[in-house]
$ cat structure_20.txt   # compact mmCIF, C-alpha atoms and all ligand atoms
# COMPACT_ATOMS: atom_id res chain seq x y z
CA MET A 9 -2.50 13.30 0.46
CA PRO A 10 0.75 13.14 -1.51
CA GLY A 11 4.33 14.00 -0.60
CA PHE A 12 4.80 15.69 -3.97
CA GLU A 13 3.07 18.73 -2.52
CA VAL A 14 6.10 19.41 -0.34
CA LEU A 15 8.93 18.58 -2.77
CA GLY A 16 11.46 21.36 -2.29
CA GLU A 17 15.00 22.45 -1.52
CA GLU A 18 15.70 19.47 0.75
CA GLU A 19 14.97 16.99 -2.05
CA ARG A 20 17.01 19.06 -4.53
CA LYS A 21 20.00 19.05 -2.21
CA GLU A 22 19.87 15.29 -1.66
CA VAL A 23 19.58 14.60 -5.40
CA LEU A 24 22.47 16.95 -6.26
CA ASP A 25 24.58 15.08 -3.72
CA VAL A 26 24.13 11.98 -5.87
CA LEU A 27 24.66 13.74 -9.20
CA SER A 28 27.86 15.37 -7.97
CA ARG A 29 29.41 11.90 -7.47
CA LYS A 30 27.88 10.58 -10.71
CA VAL A 31 27.01 7.25 -9.07
CA LEU A 32 23.36 6.49 -9.75
CA PHE A 33 23.46 2.84 -8.66
CA ARG A 34 23.08 1.40 -5.18
CA TYR A 35 25.71 -1.31 -5.62
CA GLU A 36 29.37 -1.06 -6.76
CA PHE A 37 31.48 2.07 -7.50
CA ASP A 38 32.72 2.15 -3.90
CA LYS A 39 35.62 4.49 -4.71
CA GLU A 40 33.74 6.94 -6.93
CA ARG A 41 30.77 7.36 -4.60
CA GLN A 42 32.96 8.76 -1.79
CA GLY A 43 30.91 7.31 1.03
CA ILE A 44 27.50 8.19 -0.43
CA TYR A 45 25.04 5.29 -0.26
CA LYS A 46 21.62 6.93 -0.46
CA VAL A 47 19.51 3.79 -0.88
CA ALA A 48 21.26 2.03 2.00
CA GLU A 49 20.91 5.16 4.15
CA PHE A 50 17.21 5.45 3.28
CA GLU A 51 16.64 1.80 4.22
CA LYS A 52 18.29 2.31 7.60
CA ALA A 53 16.40 5.57 8.26
CA PHE A 54 13.06 4.03 7.24
CA ALA A 55 13.59 0.91 9.39
CA ASP A 56 14.54 3.10 12.38
CA TYR A 57 11.57 5.41 11.84
CA CYS A 58 9.12 2.49 11.75
CA GLY A 59 10.88 0.43 14.41
CA ALA A 60 11.61 -2.55 12.14
CA GLY A 61 14.64 -4.80 12.18
CA TRP A 62 15.43 -4.72 8.47
CA ALA A 63 14.30 -2.78 5.39
CA LEU A 64 14.84 -3.39 1.68
CA ALA A 65 14.19 -0.60 -0.82
CA VAL A 66 12.75 -1.72 -4.17
CA SER A 67 11.54 -0.20 -7.43
CA SER A 68 7.80 0.07 -6.56
CA GLY A 69 5.12 -0.90 -4.08
CA THR A 70 4.05 -3.68 -6.44
CA ALA A 71 7.65 -4.94 -6.53
CA ALA A 72 7.68 -4.82 -2.71
CA LEU A 73 4.74 -7.25 -2.59
CA ARG A 74 6.29 -9.42 -5.28
CA VAL A 75 9.64 -9.60 -3.41
CA ALA A 76 7.95 -10.25 -0.04
CA LEU A 77 6.01 -13.20 -1.49
CA ALA A 78 9.17 -14.59 -3.11
CA ALA A 79 11.09 -14.30 0.16
CA LEU A 80 8.50 -16.62 1.72
CA GLY A 81 8.79 -19.08 -1.15
CA ILE A 82 5.21 -18.44 -2.28
CA GLY A 83 4.44 -19.21 -5.93
CA PRO A 84 2.56 -21.62 -8.21
CA GLY A 85 0.25 -24.00 -6.35
CA ASP A 86 -0.27 -21.55 -3.50
CA GLU A 87 -3.17 -19.32 -2.50
CA VAL A 88 -2.93 -15.93 -0.82
CA ILE A 89 -5.87 -14.29 0.95
CA THR A 90 -6.41 -10.55 0.50
CA GLN A 91 -9.34 -8.13 0.40
CA GLY A 92 -11.76 -6.99 -2.32
CA PHE A 93 -11.17 -3.29 -1.64
CA THR A 94 -7.58 -2.41 -2.54
CA PHE A 95 -5.57 -1.09 -5.46
CA VAL A 96 -5.20 -3.73 -8.22
CA ALA A 97 -1.45 -3.97 -7.48
CA THR A 98 -2.07 -6.16 -4.42
CA TRP A 99 -3.53 -9.04 -6.38
CA GLU A 100 -1.46 -8.37 -9.53
CA ALA A 101 1.64 -9.17 -7.46
CA ILE A 102 0.05 -12.40 -6.17
CA LEU A 103 -0.95 -13.51 -9.68
CA ASP A 104 2.37 -12.46 -11.17
CA ILE A 105 4.33 -14.69 -8.82
CA GLY A 106 2.17 -17.61 -9.87
CA ALA A 107 -0.07 -17.83 -6.81
CA VAL A 108 -3.86 -17.42 -6.76
CA PRO A 109 -5.47 -14.49 -4.91
CA VAL A 110 -8.49 -15.38 -2.75
CA PHE A 111 -10.65 -12.42 -1.78
CA ALA A 112 -12.22 -11.81 1.61
CA GLU A 113 -14.64 -9.16 2.88
CA ILE A 114 -13.77 -5.85 4.52
CA ASP A 115 -15.12 -4.76 7.92
CA ASP A 116 -16.03 -1.28 9.21
CA THR A 117 -12.35 -0.22 9.03
CA PHE A 118 -12.67 -0.78 5.24
CA CYS A 119 -9.76 -3.23 5.58
CA LEU A 120 -9.65 -7.04 5.77
CA ASP A 121 -12.30 -8.44 8.14
CA PRO A 122 -10.51 -10.78 10.57
CA GLY A 123 -13.81 -12.61 11.00
CA ASP A 124 -13.90 -13.53 7.31
CA VAL A 125 -10.42 -15.04 7.09
CA ALA A 126 -11.02 -18.55 8.45
CA ARG A 127 -13.68 -19.47 5.87
CA ARG A 128 -11.32 -18.51 2.99
CA ILE A 129 -8.54 -20.85 4.13
CA THR A 130 -7.88 -24.02 2.12
CA PRO A 131 -5.03 -26.56 2.25
CA ARG A 132 -3.26 -24.37 -0.34
CA THR A 133 -3.34 -21.10 1.62
CA ARG A 134 0.20 -19.83 2.25
CA ALA A 135 -0.15 -16.20 3.37
CA ILE A 136 -2.57 -13.42 4.28
CA VAL A 137 -2.16 -9.92 2.83
CA PRO A 138 -4.34 -7.36 4.63
CA VAL A 139 -4.24 -3.85 3.17
CA HIS A 140 -4.25 -0.76 5.40
CA MET A 141 -6.52 1.28 3.14
CA CYS A 142 -6.80 5.03 2.69
CA GLY A 143 -4.51 6.13 5.50
CA GLY A 144 -6.25 3.94 8.09
CA GLN A 145 -5.37 0.74 9.87
CA ALA A 146 -6.73 -2.78 9.61
CA ARG A 147 -7.58 -4.68 12.81
CA ILE A 148 -4.12 -6.12 12.38
CA GLU A 149 -3.72 -7.72 15.80
CA GLU A 150 -6.92 -9.73 15.30
CA ILE A 151 -5.87 -10.65 11.75
CA ILE A 152 -2.50 -11.88 13.02
CA ALA A 153 -4.21 -13.88 15.78
CA GLU A 154 -6.34 -15.58 13.10
CA ALA A 155 -3.27 -16.19 10.92
CA CYS A 156 -1.44 -17.72 13.89
CA ARG A 157 -4.27 -20.21 14.43
CA PHE A 158 -3.51 -21.56 10.95
CA ASP A 159 0.25 -20.99 11.17
CA LEU A 160 0.21 -18.53 8.23
CA PRO A 161 2.47 -15.50 7.72
CA VAL A 162 0.97 -12.02 7.30
CA ILE A 163 2.32 -9.48 4.81
CA GLU A 164 0.83 -6.03 5.48
CA ASP A 165 0.28 -3.97 2.33
CA THR A 166 0.98 -0.57 3.87
CA ALA A 167 1.25 1.32 0.56
CA GLN A 168 -1.51 3.75 1.56
CA SER A 169 -0.74 4.18 5.26
CA CYS A 170 2.95 5.02 5.53
CA GLY A 171 3.52 6.56 8.96
CA GLY A 172 0.31 5.10 10.41
CA ARG A 173 0.40 3.58 13.88
CA ILE A 174 -1.71 1.68 16.35
CA ARG A 175 -1.01 2.84 19.90
CA GLY A 176 2.44 3.99 18.81
CA LYS A 177 3.49 0.87 16.90
CA HIS A 178 3.82 1.41 13.15
CA VAL A 179 1.56 -0.44 10.72
CA GLY A 180 3.79 -2.54 8.50
CA THR A 181 5.70 -3.85 11.55
CA TYR A 182 3.00 -6.17 12.90
CA GLY A 183 3.21 -8.89 10.27
CA ARG A 184 6.15 -11.01 9.13
CA MET A 185 6.69 -8.27 6.51
CA GLY A 186 5.21 -4.89 5.63
CA THR A 187 5.29 -3.37 2.15
CA PHE A 188 5.21 0.31 1.17
CA SER A 189 4.87 2.37 -2.02
CA PHE A 190 6.42 5.75 -2.78
CA ASP A 191 4.68 6.31 -6.12
CA SER A 192 3.39 9.64 -7.36
CA VAL A 193 0.26 9.83 -5.19
CA LYS A 194 1.48 8.21 -2.00
CA THR A 195 2.02 9.88 1.37
CA MET A 196 5.74 10.20 0.74
CA THR A 197 7.14 9.86 -2.75
CA THR A 198 10.35 8.97 -4.53
CA GLY A 199 8.71 9.24 -7.98
CA GLU A 200 8.53 5.45 -8.19
CA GLY A 201 9.71 3.23 -5.39
CA GLY A 202 8.82 0.91 -2.57
CA MET A 203 10.08 -0.71 0.64
CA VAL A 204 9.74 -4.00 2.46
CA LEU A 205 10.11 -4.19 6.25
CA PHE A 206 11.12 -7.44 7.92
CA GLN A 207 10.96 -8.91 11.40
CA ASP A 208 13.62 -11.53 10.70
CA GLU A 209 16.98 -11.42 8.99
CA GLU A 210 16.46 -14.67 7.10
CA ALA A 211 13.53 -13.28 5.08
CA TYR A 212 15.43 -10.03 4.55
CA ILE A 213 18.43 -11.84 3.08
CA ARG A 214 16.27 -13.93 0.74
CA ALA A 215 14.42 -10.81 -0.42
CA SER A 216 17.65 -8.88 -0.90
CA GLU A 217 19.07 -11.66 -3.08
CA TYR A 218 15.87 -12.17 -5.05
CA HIS A 219 15.44 -8.46 -5.86
CA ASP A 220 18.96 -8.26 -7.33
CA HIS A 221 19.25 -11.21 -9.76
CA GLY A 222 20.23 -13.58 -6.96
CA HIS A 223 23.48 -11.79 -5.99
CA ASP A 224 24.42 -13.13 -2.55
CA HIS A 225 25.95 -9.73 -1.63
CA ASP A 226 29.04 -11.26 -0.07
CA PRO A 227 31.03 -8.17 1.00
CA ALA A 228 34.32 -10.07 0.74
CA VAL A 229 34.19 -10.44 -3.06
CA GLY A 230 33.61 -8.11 -6.01
CA ARG A 231 30.16 -7.87 -7.53
CA GLY A 232 30.96 -9.97 -10.59
CA LEU A 233 32.29 -12.77 -8.39
CA GLU A 234 29.35 -13.07 -6.01
CA LYS A 235 27.57 -16.42 -5.86
CA ARG A 236 23.87 -17.21 -6.16
CA ASN A 237 21.57 -19.32 -4.00
CA PHE A 238 18.62 -19.17 -6.40
CA ILE A 239 17.32 -17.33 -9.43
CA GLY A 240 16.19 -13.75 -8.97
CA PHE A 241 14.98 -10.68 -10.79
CA ASN A 242 15.67 -6.94 -10.89
CA PHE A 243 13.57 -4.84 -8.52
CA ARG A 244 16.39 -2.50 -7.41
CA MET A 245 15.91 1.08 -6.27
CA MET A 246 18.35 3.66 -7.64
CA GLU A 247 20.32 6.28 -5.73
CA LEU A 248 18.25 9.25 -6.92
CA GLN A 249 15.16 7.63 -5.40
CA GLY A 250 17.01 6.87 -2.18
CA ALA A 251 18.03 10.55 -2.00
CA LEU A 252 14.43 11.70 -2.47
CA GLY A 253 13.26 9.18 0.12
CA LEU A 254 15.67 10.53 2.75
CA ALA A 255 14.41 14.09 2.27
CA GLN A 256 10.74 13.05 2.25
CA LEU A 257 11.10 10.83 5.31
CA ARG A 258 12.55 13.74 7.31
CA LYS A 259 9.39 15.73 6.50
CA LEU A 260 6.90 12.94 7.00
CA ASP A 261 5.68 13.51 10.56
CA ARG A 262 6.01 17.27 10.71
CA ALA A 263 5.31 18.59 7.21
CA ILE A 264 3.06 15.86 5.80
CA LEU A 265 1.16 13.94 8.49
CA ALA A 266 0.60 16.81 10.94
CA PRO A 267 -1.08 19.21 8.45
CA GLN A 268 -3.03 16.34 6.85
CA ARG A 269 -4.41 15.24 10.20
CA GLU A 270 -5.33 18.82 11.12
CA ASN A 271 -7.12 19.34 7.78
CA LYS A 272 -9.00 16.09 8.23
CA ARG A 273 -9.98 17.02 11.76
CA ARG A 274 -11.45 20.35 10.62
CA ILE A 275 -13.67 18.70 8.01
CA GLN A 276 -14.58 15.85 10.33
CA VAL A 277 -16.04 18.32 12.85
CA ALA A 278 -18.63 19.36 10.25
CA LEU A 279 -19.49 15.76 9.39
CA SER A 280 -19.84 14.75 13.03
CA GLU A 281 -22.78 17.13 13.38
CA ILE A 282 -24.87 15.15 10.89
CA PRO A 283 -26.74 12.40 12.77
CA GLN A 284 -26.97 10.06 9.72
CA VAL A 285 -23.21 10.11 9.15
CA GLN A 286 -21.10 7.27 10.47
CA LEU A 287 -17.32 7.76 10.43
CA ARG A 288 -15.00 4.89 9.52
CA SER A 289 -13.98 2.70 12.48
CA SER A 290 -10.35 2.53 13.47
CA PRO A 291 -8.34 0.46 15.95
CA ASP A 292 -6.66 3.77 16.90
CA PRO A 293 -8.05 7.01 15.38
CA ASP A 294 -4.99 8.99 16.57
CA GLY A 295 -2.71 6.75 14.50
CA ASP A 296 -4.61 7.33 11.23
CA ILE A 297 -2.41 9.39 8.87
CA GLY A 298 -5.27 11.66 7.80
CA SER A 299 -4.94 11.21 4.05
CA PHE A 300 -8.61 10.30 3.53
CA LEU A 301 -11.81 11.06 5.41
CA MET A 302 -14.21 8.14 4.96
CA PHE A 303 -17.81 8.15 6.15
CA SER A 304 -20.97 6.16 5.54
CA LEU A 305 -24.63 7.04 5.15
CA PRO A 306 -27.56 4.76 5.99
CA THR A 307 -28.36 3.85 2.34
CA ALA A 308 -26.62 3.80 -1.04
CA GLY A 309 -29.25 6.21 -2.36
CA GLN A 310 -28.42 8.74 0.35
CA ALA A 311 -24.70 8.34 -0.41
CA ARG A 312 -25.31 9.09 -4.08
CA SER A 313 -27.50 12.13 -3.37
CA PHE A 314 -24.98 13.46 -0.83
CA ALA A 315 -22.16 13.00 -3.37
CA GLN A 316 -24.21 14.75 -6.07
CA VAL A 317 -24.75 17.86 -3.95
CA MET A 318 -21.07 17.99 -3.01
CA LYS A 319 -20.13 17.58 -6.67
CA GLU A 320 -22.40 20.43 -7.72
CA ALA A 321 -20.75 22.55 -5.04
CA GLY A 322 -17.38 21.87 -6.67
CA CYS A 323 -16.10 19.35 -4.09
CA PRO A 324 -16.81 15.85 -5.43
CA PRO A 325 -16.08 13.09 -2.89
CA VAL A 326 -14.65 9.75 -4.02
CA TYR A 327 -17.30 7.04 -4.37
CA TRP A 328 -15.22 3.86 -4.27
CA TYR A 329 -18.23 1.74 -5.18
CA ASP A 330 -18.02 3.12 -8.75
CA ASN A 331 -14.20 3.09 -8.86
CA THR A 332 -12.69 0.62 -11.32
CA TRP A 333 -9.17 0.45 -9.81
CA HIS A 334 -9.97 -0.27 -6.16
CA TYR A 335 -13.16 -2.32 -5.95
CA TYR A 336 -13.49 -6.02 -6.80
CA GLY A 337 -16.91 -5.61 -8.46
CA HIS A 338 -15.37 -3.48 -11.24
CA TRP A 339 -12.15 -5.41 -11.92
CA GLU A 340 -13.54 -6.59 -15.25
CA HIS A 341 -10.11 -7.83 -16.40
CA LEU A 342 -9.82 -10.07 -13.34
CA LEU A 343 -13.48 -11.16 -13.43
CA GLY A 344 -13.25 -11.81 -17.18
CA GLY A 345 -9.88 -13.55 -17.02
CA LYS A 346 -8.25 -11.13 -19.46
CA THR A 347 -4.53 -11.77 -19.92
CA PRO A 348 -1.91 -10.93 -22.56
CA PHE A 349 -0.69 -14.53 -22.61
CA ARG A 350 -1.72 -16.93 -25.38
CA SER A 351 -2.29 -19.81 -22.98
CA GLY A 352 -4.72 -17.83 -20.85
CA TYR A 353 -2.33 -17.98 -17.90
CA PRO A 354 -2.74 -17.11 -15.02
CA PHE A 355 -6.46 -17.88 -15.33
CA ARG A 356 -5.79 -21.14 -17.20
CA THR A 357 -2.99 -23.66 -17.12
CA PRO A 358 -0.87 -24.07 -20.25
CA GLU A 359 -2.91 -27.26 -20.85
CA GLY A 360 -6.12 -25.22 -20.89
CA ALA A 361 -7.56 -26.15 -17.50
CA THR A 362 -9.09 -23.47 -15.28
CA ARG A 363 -6.77 -22.23 -12.51
CA CYS A 364 -9.02 -19.56 -11.01
CA THR A 365 -12.28 -17.79 -11.73
CA TYR A 366 -13.88 -14.86 -9.97
CA ASP A 367 -17.58 -14.32 -9.33
CA PRO A 368 -18.56 -10.60 -9.40
CA ASP A 369 -21.07 -11.19 -6.58
CA ALA A 370 -18.65 -13.03 -4.28
CA LEU A 371 -18.25 -10.16 -1.78
CA PRO A 372 -21.75 -8.89 -0.87
CA ARG A 373 -20.67 -7.25 2.38
CA THR A 374 -17.84 -5.35 0.70
CA ALA A 375 -20.29 -4.17 -1.97
CA GLU A 376 -22.83 -3.10 0.62
CA ARG A 377 -20.27 -1.17 2.70
CA LEU A 378 -18.74 0.60 -0.29
CA SER A 379 -22.15 1.49 -1.73
CA ARG A 380 -22.89 3.61 1.35
CA CYS A 381 -19.43 5.11 1.76
CA LEU A 382 -18.06 8.48 0.60
CA THR A 383 -14.46 9.63 0.88
CA ILE A 384 -12.96 13.11 0.98
CA PRO A 385 -9.30 13.10 -0.09
CA ILE A 386 -7.19 15.29 2.21
CA GLN A 387 -4.30 17.38 0.95
CA ILE A 388 -1.38 18.89 2.83
CA ARG A 389 -2.24 22.35 1.55
CA MET A 390 -6.00 22.90 1.40
CA ASP A 391 -6.76 25.97 3.51
CA ASP A 392 -8.71 27.54 0.63
CA GLN A 393 -10.77 24.43 0.00
CA ILE A 394 -11.77 23.54 3.56
CA PRO A 395 -14.50 26.22 3.97
CA LYS A 396 -15.89 25.22 0.56
CA ILE A 397 -15.94 21.54 1.51
CA ILE A 398 -17.62 22.29 4.84
CA ALA A 399 -20.25 24.41 3.11
CA ALA A 400 -20.83 21.60 0.59
CA ILE A 401 -21.25 19.10 3.44
CA GLU A 402 -23.78 21.33 5.20
CA LYS A 403 -25.72 21.73 1.96
CA ALA A 404 -25.62 17.99 1.27
CA ALA A 405 -26.87 17.22 4.79
CA ARG A 406 -30.16 18.93 3.89
CA VAL A 407 -31.02 16.32 1.25
CA LEU A 408 -30.80 13.43 3.75
C1 LIG B 501 -0.12 2.17 -4.74
C2 LIG B 501 -0.42 0.84 -4.18
C3 LIG B 501 0.39 -0.29 -4.45
C4 LIG B 501 1.43 -0.32 -5.52
O1 LIG B 501 2.40 0.64 -5.46
P1 LIG B 501 3.23 1.08 -6.77
O2 LIG B 501 4.40 1.77 -6.15
O3 LIG B 501 2.35 2.02 -7.55
O4 LIG B 501 3.60 -0.13 -7.51
C5 LIG B 501 0.11 -1.48 -3.79
N1 LIG B 501 -0.92 -1.57 -2.93
C6 LIG B 501 -1.73 -0.53 -2.66
C7 LIG B 501 -2.84 -0.69 -1.68
C8 LIG B 501 -1.51 0.71 -3.29
O5 LIG B 501 -2.35 1.72 -3.04

$ encode --input "structure_20.txt" --output "structure tokens" --more "lines below"
Ligand SMILES: *Cc1c(COP(=O)(O)O)cnc(C)c1O
Amino acid sequence: MPGFEVLGEEERKEVLDVLSRKVLFRYEFDKERQGIYKVAEFEKAFADYCGAGWALAVSSGTAALRVALAALGIGPGDEVITQGFTFVATWEAILDIGAVPVFAEIDDTFCLDPGDVARRITPRTRAIVPVHMCGGQARIEEIIAEACRFDLPVIEDTAQSCGGRIRGKHVGTYGRMGTFSFDSVKTMTTGEGGMVLFQDEEAYIRASEYHDHGHDHDPAVGRGLEKRNFIGFNFRMMELQGALGLAQLRKLDRAILAPQRENKRRIQVALSEIPQVQLRSSPDPDGDIGSFLMFSLPTAGQARSFAQVMKEAGCPPVYWYDNTWHYYGHWEHLLGGKTPFRSGYPFRTPEGATRCTYDPDALPRTAERLSRCLTIPIQIRMDDQIPKIIAAIEKAARVL
């Protein structure tokens, strides 16, 4: 699953390159850095790898979402549609910018159901944020077709599917923007970090200004003399992260995705022999990055028994239905409107009126799908574990 498994000499060399010039910052110090611009180089390499027009590196995947929303002018008074199976960061970013997240169901890809988008749209809807979950791909072309009917932009949260494709085209390049995370457990890592991909230069420029306190980045003037078009914030990536990103990106296809996919394939063969098992659907199975193997059983009871046997055999699968960080039904802080702010914002207005409330039973189809689903996390190096996992699967199949 994570790029940290293959951190090595290449990363060390890139980082030392930065330390030798003593310039840790992406902007300024043009003389001292002697031509080394790791963050800018990483942006260019990542955009080229994915086939996107523009890329902006930021401090995290959550920041990437936050910056993407700001670049579209989305904020208070607006609603953004996303899915009820994702990491909390997706909706934290929407709430943090002042907008209200509206949750839709997932389909058999375990990503946003394009068929459930239309009924969530209100006059306040301003964007749709599908999440490519667990190394897979959403039915992004259908989601974009729906969004187009309502003239809404799509921001793809691609934090978990970096390097994923659909018939050769990278996920994260279908929508108006795509966001990525390079945190500690993601497919490639820079420690902390993120990226936004853009289809148009206008959004890129707005995002670039917003993520750096509003600096207009006019190359003709010094940094202290740059002008501002609007207020901003600090979501900058630093040079050490850019250096790590360059080394990890060079390894992505060959040393991360290829072994992951092969490991997944080997375990999947064993699962495919069990008639009750249904593998996750995909718009293009060959473009899945192989970081998770998701499968469903006919009933929740069977999923729990299967998981129990695997756990006893020392190979516990992930049961997202019980997970408190990824499934709507267990986001008790969201459902209960828990906030550090005295006013109750963002769940209440400063005047005390309700802004948004969330019903735990609002997504019955998501609940039903997750209750029957088990997930085996795939590592880059797992040769020792694979026979154990396959044996556990064969044992579990006998309790069905
Ligand atoms: C990890 C993750 C993020 C946030 O990334 P950070 O870099 O940890 O801020 C956003 N969305 C999804 C789906 C994620 O899995």

$ residues_near_ligand --input "structure_20.txt" --ligand "ligand LIG 501 (chain B)" --cutoff "6 Å" --atoms "all atoms listed in the file" --output "list in words"
Ser68, Gly69, Thr70, Thr94, Phe95, Ala97, Thr98, Val139, Asp165, Ala167, Gln168, Ser189, Phe190, Asp191, Glu200, Gly201 and Gly202 of chain A

$ residues_around --input "structure_20.txt" --residues "Ala308 (chain A)" --least-positions-apart "2" --cutoff "12 Å" --atoms "all atoms listed in the file" --output "ChimeraX atom specification"
/A:304-306,310-315,327-330,375-382,408

$ write_last_selection --input "structure_20.txt" --atoms "C-alpha atoms" --output "tab-separated table (two decimals), keeping the file's coordinate frame"
chain	number	residue	atom	x	y	z
A	304	SER	CA	-20.97	6.16	5.54
A	305	LEU	CA	-24.63	7.04	5.15
A	306	PRO	CA	-27.56	4.76	5.99
A	310	GLN	CA	-28.42	8.74	0.35
A	311	ALA	CA	-24.70	8.34	-0.41
A	312	ARG	CA	-25.31	9.09	-4.08
A	313	SER	CA	-27.50	12.13	-3.37
A	314	PHE	CA	-24.98	13.46	-0.83
A	315	ALA	CA	-22.16	13.00	-3.37
A	327	TYR	CA	-17.30	7.04	-4.37
A	328	TRP	CA	-15.22	3.86	-4.27
A	329	TYR	CA	-18.23	1.74	-5.18
A	330	ASP	CA	-18.02	3.12	-8.75
A	375	ALA	CA	-20.29	-4.17	-1.97
A	376	GLU	CA	-22.83	-3.10	0.62
A	377	ARG	CA	-20.27	-1.17	2.70
A	378	LEU	CA	-18.74	0.60	-0.29
A	379	SER	CA	-22.15	1.49	-1.73
A	380	ARG	CA	-22.89	3.61	1.35
A	381	CYS	CA	-19.43	5.11	1.76
A	382	LEU	CA	-18.06	8.48	0.60
A	408	LEU	CA	-30.80	13.43	3.75

$ residues_around --input "structure_20.txt" --residues "Gly186 (chain A)" --least-positions-apart "4" --cutoff "8 Å" --atoms "only C-alpha atoms" --output "list of chain:residue names"
A:Ile163, A:Glu164, A:Asp165, A:Thr166, A:Val179, A:Gly180, A:Thr181, A:Tyr182, A:Val204, A:Leu205, A:Phe206

$ closest_residue --input "structure_20.txt" --among "A:Arg74, A:Arg274, A:Arg147, A:Lys46" --to "Ser290 (chain A)" --atoms "all atoms listed in the file"
A:Arg147

$ atom_distance --input "structure_20.txt" --atom1 "CA of Phe111 (chain A)" --atom2 "CA of Ile89 (chain A)"
5.8 Å

$ closest_residue --input "structure_20.txt" --among "A:Ile102, A:Ile44, A:Ile264, A:Ala135" --to "Leu160 (chain A)" --atoms "all atoms listed in the file"
A:Ala135

$ atom_distance --input "structure_20.txt" --atom1 "CA of Cys170 (chain A)" --atom2 "CA of Met141 (chain A)"
10.5 Å

$ residues_around --input "structure_20.txt" --residues "Ile129 (chain A)" --least-positions-apart "2" --cutoff "12 Å" --atoms "only C-alpha atoms" --output "number ranges by chain"
A: 86-90, 109-112, 123-127, 131-136, 154-155, 157-160

$ atom_distance --input "structure_20.txt" --atom1 "CA of Arg34 (chain A)" --atom2 "CA of Val47 (chain A)"
6.1 Å

$ closest_residue --input "structure_20.txt" --among "A:Ala251, A:Gly171, A:Ala278, A:Gly322" --to "Lys396 (chain A)" --atoms "only C-alpha atoms"
A:Gly322

$ closest_residue --input "structure_20.txt" --among "A:Cys142, A:Leu371, A:Ala63, A:Leu252" --to "Asp25 (chain A)" --atoms "only C-alpha atoms"
A:Leu252

$ closest_residue --input "structure_20.txt" --among "A:Arg262, A:Lys39, A:His219, A:Arg356" --to "Gly344 (chain A)" --atoms "all atoms listed in the file"
A:Arg356

$ residues_near_point --input "structure_20.txt" --point "(-11.0, -9.0, 13.8)" --cutoff "8 Å" --atoms "all atoms listed in the file" --output "PyMOL selection string"
chain A and resi 121-123+147-151

$ closest_residue --input "structure_20.txt" --among "A:Val193, A:Leu103, A:Leu248, A:Ala55" --to "Ile82 (chain A)" --atoms "all atoms listed in the file"
A:Leu103

$ residues_around --input "structure_20.txt" --residues "Phe238 (chain A)" --least-positions-apart "2" --cutoff "10 Å" --atoms "all atoms listed in the file" --output "number ranges by chain"
A: 214, 217-218, 221-224, 235-236, 240

$ write_last_selection --input "structure_20.txt" --atoms "C-alpha atoms" --output "tab-separated table (two decimals), keeping the file's coordinate frame"
chain	number	residue	atom	x	y	z
A	214	ARG	CA	16.27	-13.93	0.74
A	217	GLU	CA	19.07	-11.66	-3.08
A	218	TYR	CA	15.87	-12.17	-5.05
A	221	HIS	CA	19.25	-11.21	-9.76
A	222	GLY	CA	20.23	-13.58	-6.96
A	223	HIS	CA	23.48	-11.79	-5.99
A	224	ASP	CA	24.42	-13.13	-2.55
A	235	LYS	CA	27.57	-16.42	-5.86
A	236	ARG	CA	23.87	-17.21	-6.16
A	240	GLY	CA	16.19	-13.75	-8.97

$ residues_around --input "structure_20.txt" --residues "Met318 (chain A)" --least-positions-apart "4" --cutoff "10 Å" --atoms "only C-alpha atoms" --output "PyMOL selection string"
chain A and resi 312-314+322-325+396-405

$ axis_aligned_box --input "structure_20.txt" --around "region 141-159 of chain A" --padding-each-side "6 Å" --output "AutoDock Vina command-line options"
--center_x -3.7 --center_y -7.7 --center_z 9.2 --size_x 19.8 --size_y 39.7 --size_z 25.1

$ residues_near_point --input "structure_20.txt" --point "(3.1, -21.3, -9.8)" --cutoff "8 Å" --atoms "only C-alpha atoms" --output "list in words"
Gly83, Pro84, Gly85, Asp86, Ile105, Gly106 and Ala107 of chain A
